[in-house]
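target_3.txt (compact mmCIF, C-alpha atoms and all ligand atoms) appears below.
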# COMPACT_ATOMS: atom_id res chain seq x y z
CA MET L 1 13.89 -12.68 -4.87
CA ARG L 2 12.60 -9.79 -6.92
CA ILE L 3 10.07 -8.11 -4.63
CA LEU L 4 7.68 -5.29 -5.47
CA ILE L 5 6.27 -3.51 -2.42
CA LEU L 6 3.10 -1.57 -3.17
CA GLY L 7 2.55 1.09 -0.53
CA GLY L 8 6.27 1.10 0.20
CA ASP L 9 6.22 4.58 1.74
CA GLY L 10 3.86 3.55 4.54
CA TYR L 11 4.17 2.63 8.22
CA LEU L 12 4.73 -1.02 7.29
CA GLY L 13 5.86 -0.74 3.68
CA TRP L 14 9.06 1.23 4.30
CA PRO L 15 10.41 -1.06 7.06
CA THR L 16 9.47 -4.07 4.91
CA ALA L 17 11.45 -2.66 1.99
CA MET L 18 14.52 -2.11 4.16
CA HIS L 19 14.15 -5.57 5.73
CA PHE L 20 14.16 -7.36 2.37
CA ALA L 21 16.86 -5.15 0.82
CA THR L 22 19.14 -5.81 3.80
CA ARG L 23 18.75 -9.52 3.16
CA GLY L 24 19.98 -9.14 -0.41
CA HIS L 25 16.65 -9.20 -2.25
CA GLU L 26 15.99 -6.95 -5.23
CA VAL L 27 13.42 -4.49 -3.89
CA THR L 28 11.23 -1.94 -5.66
CA VAL L 29 8.80 0.27 -3.73
CA TYR L 30 5.77 1.84 -5.38
CA ASP L 31 3.65 4.50 -3.69
CA ASN L 32 1.51 7.54 -4.59
CA TYR L 33 1.83 9.32 -1.20
CA LEU L 34 -1.91 8.93 -0.56
CA ARG L 35 -1.27 8.53 3.13
CA ARG L 36 0.87 11.68 3.29
CA ARG L 37 -1.87 13.61 1.48
CA ILE L 38 -4.68 12.41 3.78
CA ALA L 39 -2.51 13.07 6.84
CA LEU L 40 -2.00 16.68 5.71
CA GLU L 41 -5.68 17.17 4.89
CA THR L 42 -6.86 15.77 8.24
CA ASP L 43 -4.12 17.24 10.46
CA SER L 44 -2.82 13.77 11.23
CA GLU L 45 0.88 14.03 10.45
CA PRO L 46 3.20 11.52 12.08
CA LEU L 47 5.24 12.29 15.19
CA VAL L 48 8.42 12.81 13.18
CA SER L 49 8.22 14.20 9.65
CA LEU L 50 9.49 12.02 6.84
CA LEU L 51 11.88 12.60 3.97
CA PRO L 52 10.48 12.05 0.48
CA LEU L 53 10.76 8.41 -0.51
CA PRO L 54 13.69 8.78 -2.97
CA GLU L 55 15.70 10.60 -0.29
CA ARG L 56 14.93 7.93 2.29
CA ALA L 57 16.14 5.31 -0.18
CA SER L 58 19.36 7.32 -0.73
CA ARG L 59 19.89 7.55 3.02
CA PHE L 60 19.35 3.78 3.29
CA GLU L 61 21.88 3.16 0.53
CA ALA L 62 24.40 5.46 2.24
CA GLU L 63 23.98 3.53 5.51
CA THR L 64 23.92 -0.02 4.15
CA GLY L 65 25.21 -0.03 0.58
CA LYS L 66 21.90 -1.67 -0.43
CA ARG L 67 19.63 -0.22 -3.06
CA ILE L 68 15.86 0.21 -2.93
CA ARG L 69 14.38 1.24 -6.27
CA VAL L 70 11.63 3.86 -5.93
CA VAL L 71 8.67 4.36 -8.26
CA LEU L 72 6.17 7.10 -7.45
CA GLY L 73 3.00 5.67 -8.92
CA ASP L 74 -0.66 4.94 -8.28
CA CYS L 75 -2.01 1.40 -8.10
CA CYS L 76 -5.30 2.75 -9.41
CA ASN L 77 -3.51 3.61 -12.66
CA LEU L 78 -3.34 0.20 -14.37
CA GLU L 79 -0.96 1.29 -17.16
CA GLN L 80 1.53 2.71 -14.66
CA LEU L 81 1.32 -0.36 -12.45
CA LEU L 82 1.59 -2.73 -15.42
CA GLN L 83 4.71 -0.94 -16.61
CA THR L 84 6.32 -1.31 -13.18
CA VAL L 85 5.36 -4.98 -12.98
CA ARG L 86 6.81 -5.56 -16.47
CA GLU L 87 10.04 -3.74 -15.59
CA THR L 88 10.54 -5.45 -12.24
CA ALA L 89 9.25 -8.95 -13.11
CA PRO L 90 8.48 -9.59 -9.44
CA GLU L 91 8.39 -13.06 -7.91
CA VAL L 92 6.54 -11.58 -4.93
CA ILE L 93 4.28 -8.54 -4.69
CA VAL L 94 3.56 -7.31 -1.18
CA HIS L 95 0.33 -5.35 -1.47
CA TYR L 96 0.00 -2.76 1.31
CA ALA L 97 -1.30 0.03 -0.93
CA GLU L 98 -4.67 0.89 0.56
CA GLN L 99 -6.32 3.60 2.61
CA PRO L 100 -5.95 1.93 6.04
CA SER L 101 -7.84 4.19 8.43
CA ALA L 102 -11.24 3.05 9.70
CA PRO L 103 -12.12 6.51 11.11
CA TYR L 104 -11.16 8.23 7.85
CA SER L 105 -13.36 5.83 5.87
CA MET L 106 -16.30 6.78 8.11
CA ALA L 107 -15.70 10.56 8.08
CA ASP L 108 -18.02 11.55 5.21
CA ARG L 109 -19.14 10.52 1.74
CA GLY L 110 -16.00 11.82 0.04
CA ALA L 111 -13.68 9.88 2.35
CA ALA L 112 -15.86 6.77 2.04
CA ARG L 113 -15.77 6.97 -1.75
CA LEU L 114 -12.02 7.53 -1.82
CA THR L 115 -11.47 4.53 0.44
CA PHE L 116 -13.82 2.31 -1.55
CA GLU L 117 -12.47 3.28 -4.99
CA ASN L 118 -8.83 3.32 -3.95
CA ASN L 119 -8.81 0.01 -2.10
CA LEU L 120 -10.92 -2.01 -4.51
CA GLY L 121 -9.38 -0.27 -7.54
CA ALA L 122 -5.85 -0.99 -6.31
CA THR L 123 -6.55 -4.66 -5.61
CA PHE L 124 -8.34 -5.14 -8.94
CA ASN L 125 -5.38 -3.59 -10.80
CA VAL L 126 -2.82 -5.64 -8.86
CA ILE L 127 -4.71 -8.77 -9.92
CA TRP L 128 -4.78 -7.75 -13.59
CA ALA L 129 -1.16 -6.54 -13.62
CA VAL L 130 -0.14 -9.96 -12.30
CA LEU L 131 -2.38 -11.86 -14.73
CA GLU L 132 -1.00 -9.93 -17.70
CA ALA L 133 2.63 -9.36 -16.79
CA ALA L 134 3.71 -11.80 -14.07
CA PRO L 135 1.25 -14.71 -13.82
CA ASP L 136 3.50 -16.83 -11.58
CA CYS L 137 4.02 -14.02 -9.06
CA HIS L 138 2.90 -14.67 -5.48
CA ILE L 139 0.69 -11.86 -4.17
CA VAL L 140 1.09 -11.28 -0.44
CA LYS L 141 -1.90 -9.13 0.41
CA LEU L 142 -2.56 -7.35 3.67
CA GLY L 143 -6.03 -7.96 5.01
CA THR L 144 -7.12 -7.34 8.56
CA MET L 145 -8.46 -9.32 11.51
CA GLY L 146 -11.23 -6.68 11.43
CA GLU L 147 -12.69 -8.52 8.43
CA TYR L 148 -14.06 -11.15 10.79
CA GLY L 149 -15.60 -8.68 13.24
CA THR L 150 -16.34 -10.10 16.68
CA PRO L 151 -18.59 -13.14 16.16
CA ASN L 152 -19.86 -15.15 19.11
CA ILE L 153 -18.05 -18.29 17.87
CA ASP L 154 -14.36 -19.12 17.45
CA ILE L 155 -12.72 -17.40 14.46
CA GLU L 156 -10.92 -19.86 12.19
CA GLU L 157 -7.95 -19.12 9.99
CA GLY L 158 -9.73 -17.92 6.87
CA TRP L 159 -11.91 -20.94 6.15
CA ILE L 160 -14.73 -22.86 7.81
CA ASP L 161 -16.40 -26.19 7.06
CA VAL L 162 -20.15 -25.72 6.93
CA GLN L 163 -22.44 -28.72 7.38
CA HIS L 164 -25.88 -28.25 5.94
CA LYS L 165 -28.60 -30.88 5.59
CA GLY L 166 -26.10 -33.69 5.82
CA ARG L 167 -23.56 -32.27 3.35
CA THR L 168 -20.31 -30.37 4.00
CA GLN L 169 -18.52 -27.59 2.09
CA LYS L 170 -15.53 -25.41 2.94
CA PHE L 171 -16.20 -21.67 2.64
CA LEU L 172 -14.39 -18.46 3.46
CA TYR L 173 -15.10 -17.80 7.13
CA PRO L 174 -18.08 -15.40 7.38
CA ARG L 175 -17.02 -11.80 7.58
CA GLN L 176 -18.85 -8.84 9.09
CA ALA L 177 -16.71 -5.75 9.40
CA GLY L 178 -17.33 -2.70 11.57
CA SER L 179 -16.17 0.12 9.25
CA LEU L 180 -16.13 0.83 5.53
CA TYR L 181 -12.34 0.45 5.50
CA HIS L 182 -12.63 -3.05 6.97
CA THR L 183 -15.42 -3.82 4.52
CA THR L 184 -13.15 -2.95 1.58
CA LYS L 185 -10.77 -5.60 2.92
CA VAL L 186 -13.62 -8.14 2.99
CA LEU L 187 -14.41 -7.29 -0.63
CA ASP L 188 -10.69 -7.56 -1.54
CA THR L 189 -10.62 -11.07 -0.10
CA ASP L 190 -13.64 -12.09 -2.16
CA LEU L 191 -12.14 -10.58 -5.30
CA LEU L 192 -8.86 -12.38 -4.76
CA TRP L 193 -10.64 -15.67 -4.09
CA PHE L 194 -12.56 -15.28 -7.34
CA TYR L 195 -9.35 -14.77 -9.37
CA VAL L 196 -7.58 -17.56 -7.52
CA ARG L 197 -10.45 -19.96 -8.24
CA LEU L 198 -10.99 -19.06 -11.85
CA TYR L 199 -7.61 -17.82 -13.07
CA GLY L 200 -5.14 -19.78 -10.90
CA LEU L 201 -3.46 -16.86 -9.11
CA GLN L 202 -1.46 -17.65 -5.97
CA VAL L 203 -2.26 -15.42 -3.03
CA THR L 204 -1.53 -15.18 0.66
CA ASP L 205 -4.10 -12.98 2.41
CA LEU L 206 -2.80 -11.94 5.81
CA MET L 207 -5.47 -11.07 8.37
CA GLN L 208 -3.35 -8.74 10.42
CA GLY L 209 -4.21 -7.29 13.82
CA PRO L 210 -3.25 -3.76 14.90
CA VAL L 211 0.53 -3.27 14.76
CA TYR L 212 2.60 -1.33 17.31
CA GLY L 213 6.19 -0.18 17.48
CA LEU L 214 8.68 2.24 16.00
CA SER L 215 11.86 0.26 15.96
CA THR L 216 13.36 -2.29 13.58
CA PRO L 217 17.09 -2.97 13.09
CA GLU L 218 17.09 -0.96 9.84
CA MET L 219 15.05 1.99 11.18
CA ASP L 220 17.42 2.20 14.12
CA LEU L 221 20.41 2.79 11.80
CA HIS L 222 19.60 6.48 11.25
CA PRO L 223 16.84 8.90 12.35
CA GLU L 224 16.00 9.60 8.69
CA LEU L 225 15.10 5.92 8.22
CA ALA L 226 12.23 6.13 10.72
CA THR L 227 8.76 5.07 9.62
CA ALA L 228 5.52 7.07 9.86
CA PHE L 229 4.61 6.80 13.55
CA ASN L 230 1.09 8.14 14.07
CA TYR L 231 -0.59 8.83 17.37
CA ASP L 232 -3.65 10.71 16.09
CA ASP L 233 -7.22 9.36 16.04
CA ILE L 234 -7.15 8.83 12.25
CA PHE L 235 -4.02 6.77 11.59
CA GLY L 236 -2.73 5.93 15.09
CA THR L 237 -3.19 2.35 16.30
CA VAL L 238 -4.11 1.93 19.94
CA VAL L 239 -0.77 0.93 21.49
CA ASN L 240 1.11 3.65 19.62
CA ARG L 241 -1.55 6.12 20.74
CA PHE L 242 -1.49 5.09 24.41
CA ILE L 243 2.32 5.24 24.51
CA THR L 244 2.26 8.77 23.06
CA GLN L 245 -0.57 9.87 25.36
CA ALA L 246 1.40 8.60 28.37
CA VAL L 247 4.40 10.67 27.28
CA ALA L 248 2.27 13.77 26.61
CA GLY L 249 0.54 13.57 30.01
CA VAL L 250 -2.86 13.08 28.33
CA PRO L 251 -5.17 10.54 30.04
CA LEU L 252 -5.31 7.31 28.01
CA THR L 253 -8.40 7.45 25.79
CA VAL L 254 -10.16 4.13 26.42
CA TYR L 255 -13.17 4.07 24.06
CA GLY L 256 -16.35 3.15 25.96
CA LYS L 257 -16.17 0.16 28.32
CA GLY L 258 -12.74 -0.88 26.99
CA GLY L 259 -13.60 -4.56 26.71
CA GLN L 260 -12.91 -4.51 22.94
CA THR L 261 -10.42 -7.35 22.43
CA ARG L 262 -8.12 -7.71 19.42
CA GLY L 263 -4.97 -9.60 18.42
CA TYR L 264 -1.85 -7.40 18.32
CA LEU L 265 1.69 -7.68 17.00
CA ASN L 266 5.00 -5.86 17.04
CA ILE L 267 6.14 -4.23 13.78
CA LYS L 268 9.20 -6.51 13.89
CA ASP L 269 6.83 -9.49 13.80
CA THR L 270 5.02 -8.01 10.79
CA LEU L 271 8.37 -8.15 8.99
CA GLN L 272 8.92 -11.76 10.07
CA CYS L 273 5.42 -12.73 8.93
CA ILE L 274 5.78 -11.11 5.51
CA GLU L 275 9.14 -12.80 5.00
CA LEU L 276 7.79 -16.20 6.09
CA ALA L 277 4.85 -15.83 3.74
CA ALA L 278 7.07 -14.68 0.85
CA ASN L 279 9.46 -17.61 1.37
CA SER L 280 6.69 -20.21 1.14
CA PRO L 281 4.35 -19.48 -1.78
CA PRO L 282 1.08 -21.44 -1.53
CA GLY L 283 1.14 -22.62 -5.16
CA ALA L 284 -0.94 -21.72 -8.21
CA GLY L 285 -4.68 -21.68 -7.65
CA GLN L 286 -4.33 -21.39 -3.87
CA LEU L 287 -5.65 -18.68 -1.55
CA ARG L 288 -3.87 -19.13 1.77
CA VAL L 289 -5.31 -17.11 4.63
CA LEU L 290 -3.23 -16.60 7.77
CA ASN L 291 -4.29 -14.75 10.92
CA GLN L 292 -1.40 -12.42 11.68
CA PHE L 293 -1.15 -11.48 15.35
CA THR L 294 0.76 -12.81 18.31
CA GLU L 295 -1.28 -12.04 21.45
CA ARG L 296 -4.67 -10.76 22.49
CA PHE L 297 -5.53 -7.82 24.73
CA SER L 298 -8.59 -5.83 25.62
CA VAL L 299 -8.26 -2.05 25.41
CA ASN L 300 -8.51 -1.91 29.22
CA GLN L 301 -5.64 -4.38 29.56
CA LEU L 302 -3.49 -2.32 27.20
CA ALA L 303 -4.25 0.87 29.10
CA GLU L 304 -3.36 -0.81 32.42
CA ARG L 305 -0.11 -2.20 30.94
CA VAL L 306 0.98 1.19 29.56
CA LYS L 307 0.05 2.88 32.84
CA GLY L 308 2.02 0.32 34.86
CA VAL L 309 5.21 0.82 32.84
CA GLY L 310 4.72 4.58 32.46
CA ASP L 311 4.20 5.07 36.19
CA LYS L 312 7.43 3.19 36.93
CA MET L 313 9.17 5.66 34.62
CA GLY L 314 7.69 8.59 36.59
CA LEU L 315 5.12 9.60 33.97
CA SER L 316 2.00 9.49 36.28
CA VAL L 317 -0.28 8.00 33.66
CA GLU L 318 -4.05 8.43 33.99
CA ILE L 319 -6.76 6.42 32.25
CA ARG L 320 -9.98 8.24 31.30
CA PRO L 321 -12.70 6.48 29.27
CA VAL L 322 -14.26 8.60 26.52
CA ASP L 323 -17.56 8.10 24.67
CA ASN L 324 -16.93 5.43 22.07
CA PRO L 325 -16.93 7.13 18.65
CA ARG L 326 -17.25 3.73 16.95
CA LYS L 327 -20.20 1.38 16.62
CA GLU L 328 -18.71 -1.81 18.05
CA ALA L 329 -19.22 -4.40 20.80
CA GLU L 330 -17.46 -3.25 23.97
CA ASP L 331 -17.65 -6.59 25.71
CA HIS L 332 -17.60 -9.73 23.59
CA TYR L 333 -16.33 -13.25 22.97
CA TYR L 334 -13.07 -13.36 20.99
CA ASN L 335 -11.15 -16.51 20.21
CA PRO L 336 -9.35 -16.40 16.84
CA ALA L 337 -7.03 -19.18 15.68
CA HIS L 338 -3.53 -18.12 14.67
CA SER L 339 -1.35 -21.17 14.24
CA GLY L 340 -0.46 -20.84 10.52
CA LEU L 341 2.38 -18.35 10.88
CA LEU L 342 3.71 -20.10 13.98
CA ASP L 343 3.81 -23.31 11.92
CA LEU L 344 5.82 -21.45 9.27
CA GLY L 345 8.36 -20.50 11.96
CA LEU L 346 7.21 -17.17 13.46
CA GLN L 347 9.04 -16.44 16.72
CA PRO L 348 6.80 -13.89 18.42
CA LEU L 349 8.13 -10.87 20.21
CA PHE L 350 5.60 -10.16 22.94
CA LEU L 351 4.50 -6.82 24.41
CA THR L 352 6.69 -7.02 27.51
CA ASP L 353 7.37 -4.21 29.96
CA ASP L 354 10.80 -3.82 28.33
CA VAL L 355 9.25 -3.41 24.88
CA MET L 356 6.85 -0.79 26.24
CA SER L 357 9.51 1.12 28.13
CA ALA L 358 11.72 1.20 25.02
CA MET L 359 8.78 2.66 23.08
CA LEU L 360 8.14 5.23 25.82
CA GLU L 361 11.84 6.20 25.83
CA ARG L 362 11.84 6.63 22.07
CA VAL L 363 8.67 8.78 22.06
CA LEU L 364 10.02 10.83 25.00
CA GLN L 365 12.79 12.01 22.65
CA HIS L 366 10.06 13.68 20.56
CA ARG L 367 7.79 14.88 23.38
CA GLU L 368 7.88 18.49 22.15
CA ALA L 369 6.51 17.43 18.76
CA ILE L 370 3.32 15.87 20.16
CA ASP L 371 0.26 17.88 19.12
CA GLN L 372 -2.45 17.19 21.71
CA ARG L 373 -5.21 18.41 19.36
CA LYS L 374 -4.77 15.23 17.32
CA ILE L 375 -5.49 12.88 20.20
CA LEU L 376 -9.23 12.91 20.98
CA PRO L 377 -11.55 11.22 18.46
CA ARG L 378 -12.63 13.59 15.69
CA VAL L 379 -14.76 11.13 13.67
CA ARG L 380 -17.88 9.47 15.18
CA TRP L 381 -20.02 6.73 13.72
CA ASN L 382 -21.88 5.71 16.84
CA SER L 383 -24.67 8.25 16.59
N1 LIG T 1 -0.80 -0.78 10.58
C1 LIG T 1 -1.65 -1.69 11.06
O1 LIG T 1 -1.82 -1.83 12.27
C2 LIG T 1 -2.39 -2.59 10.10
C3 LIG T 1 -3.19 -3.61 10.64
C4 LIG T 1 -3.89 -4.46 9.77
C5 LIG T 1 -3.77 -4.29 8.40
N2 LIG T 1 -3.00 -3.27 7.91
C6 LIG T 1 -2.91 -3.13 6.45
O2 LIG T 1 -1.55 -3.14 6.07
C7 LIG T 1 -1.35 -2.24 4.98
C8 LIG T 1 -0.27 -1.24 5.35
O3 LIG T 1 -0.70 -0.51 6.50
P1 LIG T 1 0.07 0.75 7.00
O4 LIG T 1 -0.27 0.95 8.42
O5 LIG T 1 1.49 0.64 6.60
O6 LIG T 1 -0.65 1.89 6.16
P2 LIG T 1 0.00 3.16 5.45
O7 LIG T 1 -1.11 4.06 5.06
O8 LIG T 1 1.09 3.72 6.26
O9 LIG T 1 0.64 2.49 4.14
C9 LIG T 1 -0.07 2.31 2.95
C10 LIG T 1 0.73 2.98 1.86
O10 LIG T 1 0.06 2.74 0.63
C11 LIG T 1 0.07 3.92 -0.13
N3 LIG T 1 -1.07 3.84 -1.05
C12 LIG T 1 -2.39 3.82 -0.75
N4 LIG T 1 -3.11 3.75 -1.87
C13 LIG T 1 -2.24 3.69 -2.90
C14 LIG T 1 -2.38 3.61 -4.29
N5 LIG T 1 -3.57 3.63 -4.89
N6 LIG T 1 -1.25 3.56 -5.06
C15 LIG T 1 -0.03 3.58 -4.50
N7 LIG T 1 0.16 3.67 -3.16
C16 LIG T 1 -0.94 3.73 -2.39
C17 LIG T 1 -0.04 5.04 0.86
O11 LIG T 1 0.44 6.26 0.36
C18 LIG T 1 0.81 4.50 2.01
O12 LIG T 1 2.15 4.93 1.93
C19 LIG T 1 -2.68 -1.60 4.66
O13 LIG T 1 -3.29 -2.30 3.61
C20 LIG T 1 -3.46 -1.80 5.94
O14 LIG T 1 -4.83 -1.87 5.70
C21 LIG T 1 -2.32 -2.42 8.74
Please express what this file holds, its structure, as structure tokens.
Ligand SMILES: NC(=O)c1ccc[n+]([C@@H]2O[C@H](COP(=O)([O-])OP(=O)(O)OC[C@H]3O[C@@H](n4cnc5c(N)ncnc54)[C@H](O)[C@@H]3O)[C@@H](O)[C@H]2O)c1
Amino acid sequence: MRILILGGDGYLGWPTAMHFATRGHEVTVYDNYLRRRIALETDSEPLVSLLPLPERASRFEAETGKRIRVVLGDCCNLEQLLQTVRETAPEVIVHYAEQPSAPYSMADRGAARLTFENNLGATFNVIWAVLEAAPDCHIVKLGTMGEYGTPNIDIEEGWIDVQHKGRTQKFLYPRQAGSLYHTTKVLDTDLLWFYVRLYGLQVTDLMQGPVYGLSTPEMDLHPELATAFNYDDIFGTVVNRFITQAVAGVPLTVYGKGGQTRGYLNIKDTLQCIELAANSPPGAGQLRVLNQFTERFSVNQLAERVKGVGDKMGLSVEIRPVDNPRKEAEDHYYNPAHSGLLDLGLQPLFLTDDVMSAMLERVLQHREAIDQRKILPRVRWNS
């Protein structure tokens, strides 16, 4: 397949590009380094610094003989994006290119505006680039489980049948997000649904949970093929943060009561899910929504799991709750469906003790690089 990966320099985009290229697909990555820029501005650089994207692609080619074409471009620039879509004639576009940090989106008006304009602007342009230059292309879009929030009823996979005064209609499942970033994803979904309904686009919208991990077969080929592994409060996801805190000897930062429950997945499973989605397009005029996670944990459970494994490795891990910087339920009902990707063939890799100890071992190799000033929450929206 000809695959265009928007946001191909990111935590998920770069491993996705290598995954598809290794399997013989024709891969182009497109990125404007927004994440690198925000990381610099907010002192949130990843654990290991990254080569520029063209050099990473050269390293990948040297290791595997496979080529990844690199375009440094902005999805918010429609002409630039259109030109790339025309040149690459993609059968699949994987759209990762958004500002993905909830805390950043809540930092101040400037960060909120950047997040809003970038995320909606990128998605709008992806839609129009596809309509004008590749109308049969399947858009695989990354949404988030955070779109649903934490309602007091079961969360369905994208859609819900509503009965009202004796009549029934299927609607997008109600969404109520807890940050501006998550709200941009809700708006993306609505925008995509509009263009699917009225213009016949084909879209898979993946409601992904927080991802953890720093190893895939391709990343493990060479240290310069590593992805952006963040442990800071801005870009770090909770498992990656707890693992790094355990290594640094910093008490695990459980926010508030720690009963916040989410669905998680390994970065290797993200790659599986994207490939499964790409291999089975939903068809013109279809918006397929899949909930992309493999298992559920509360923050307290994750902290206990990391402590258990860390202690066995002699790390003496402590857990210390901190004031919750976020406005969110700390104790709630959570029962989301997630059978769609399993039905497509997903073989989950669970968060076992072995997986955690391998992550701890890997981060231990970079212990000296951990900057403890990046760990405690620096953005609050609970006051
Ligand atoms: N990592 C997770 O746990 C997680 C969970 C749920 C959903 N997601 C979603 O998956 C996607 C990828 O997440 P990630 O963790 O890899 O984030 P990331 O920030 O590492 O990757 C996104 C990439 O997109 C690029 N980008 C942003 N705006 C762009 C634009 N206008 N033009 C071109 N490139 C642009 C950034 O520079 C970055 O390299 C995001 O949409 C995110 O919201 C991630």
Test item: residues no farther than 7 Å from ligand LIG 1 (chain T), counting only C-alpha atoms and all ligand atoms, as a PyMOL selection string: chain L and resi 6-13+30-36+73-76+95-100+118-119+122+142-145+207-212+228+237
Using only C-alpha atoms, can you tell me which of L:Leu50, L:Ala17, L:Pro325, L:Leu201 comes closest to L:Leu271?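 For L:Leu271, the nearest of the given residues is L:Ala17.
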Show me, as a Markdown table, the residues of stretch 87-205 of chain L having an atom within 12 Å of stretch 243-265 of chain L, each with the closest atom pair and its distance in Å, using only C-alpha atoms.
| residue | atom | partner | partner_atom | distance |
| --- | --- | --- | --- | --- |
| L:Thr144 | CA | L:Gly263 | CA | 10.3 |
| L:Met145 | CA | L:Gly263 | CA | 7.7 |
| L:Gly146 | CA | L:Arg262 | CA | 8.6 |
| L:Glu147 | CA | L:Arg262 | CA | 11.9 |
| L:Tyr148 | CA | L:Arg262 | CA | 11.0 |
| L:Gly149 | CA | L:Arg262 | CA | 9.8 |
| L:Thr150 | CA | L:Thr261 | CA | 8.7 |
| L:Pro151 | CA | L:Thr261 | CA | 11.8 |
| L:Ile155 | CA | L:Gly263 | CA | 11.7 |
Identify which of the residues L:Ala112, L:Phe194, L:Thr204, L:Arg56 lies closest to L:Glu275, counting all atoms listed in the file when measuring atom-to-atom distances.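 Smallest separation from L:Glu275 among the options: L:Thr204.
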Write out as a list in words the residues lying within 12 Å of L:Tyr199, counting all atoms listed in the file and excluding same-chain residues fewer than 3 positions away. Ile127, Trp128, Val130, Leu131, Glu132, Pro135, Asp136, Leu191, Leu192, Trp193, Phe194, Tyr195, Val196, Gln202, Val203, Ala284, Gly285, Gln286 and Leu287 of chain L
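Relative to atom CA of L:Gly236, atom CA of L:Leu72 is found at 24.3 Å.
For the atom pair formed by atom CA of L:Cys137 and atom CA of L:Asp188, the distance is 17.7 Å, given to one decimal.
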Considering only C-alpha atoms, state which residue in the set L:Glu156, L:Glu91, L:Asp220, L:Asp343 is at the smallest distance from L:Ile139.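 Of the candidates, the smallest distance to L:Ile139 is held by L:Glu91.
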How many Å lie between atom CA of L:Ser215 and atom CA of L:Lys185, rounded to one decimal? 26.8 Å
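Taking all atoms listed in the file into account, L:Asn382 lies nearest to L:Ala107 out of the set L:Val186, L:Ala107, L:Leu364, L:Val317.
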Quick one: of L:Ala329, L:Ala129, L:Asn291, L:Thr42, who's nearest to L:Arg86, counting all atoms listed in the file?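 Looking at the shortest contact to L:Arg86, the residue is L:Ala129.
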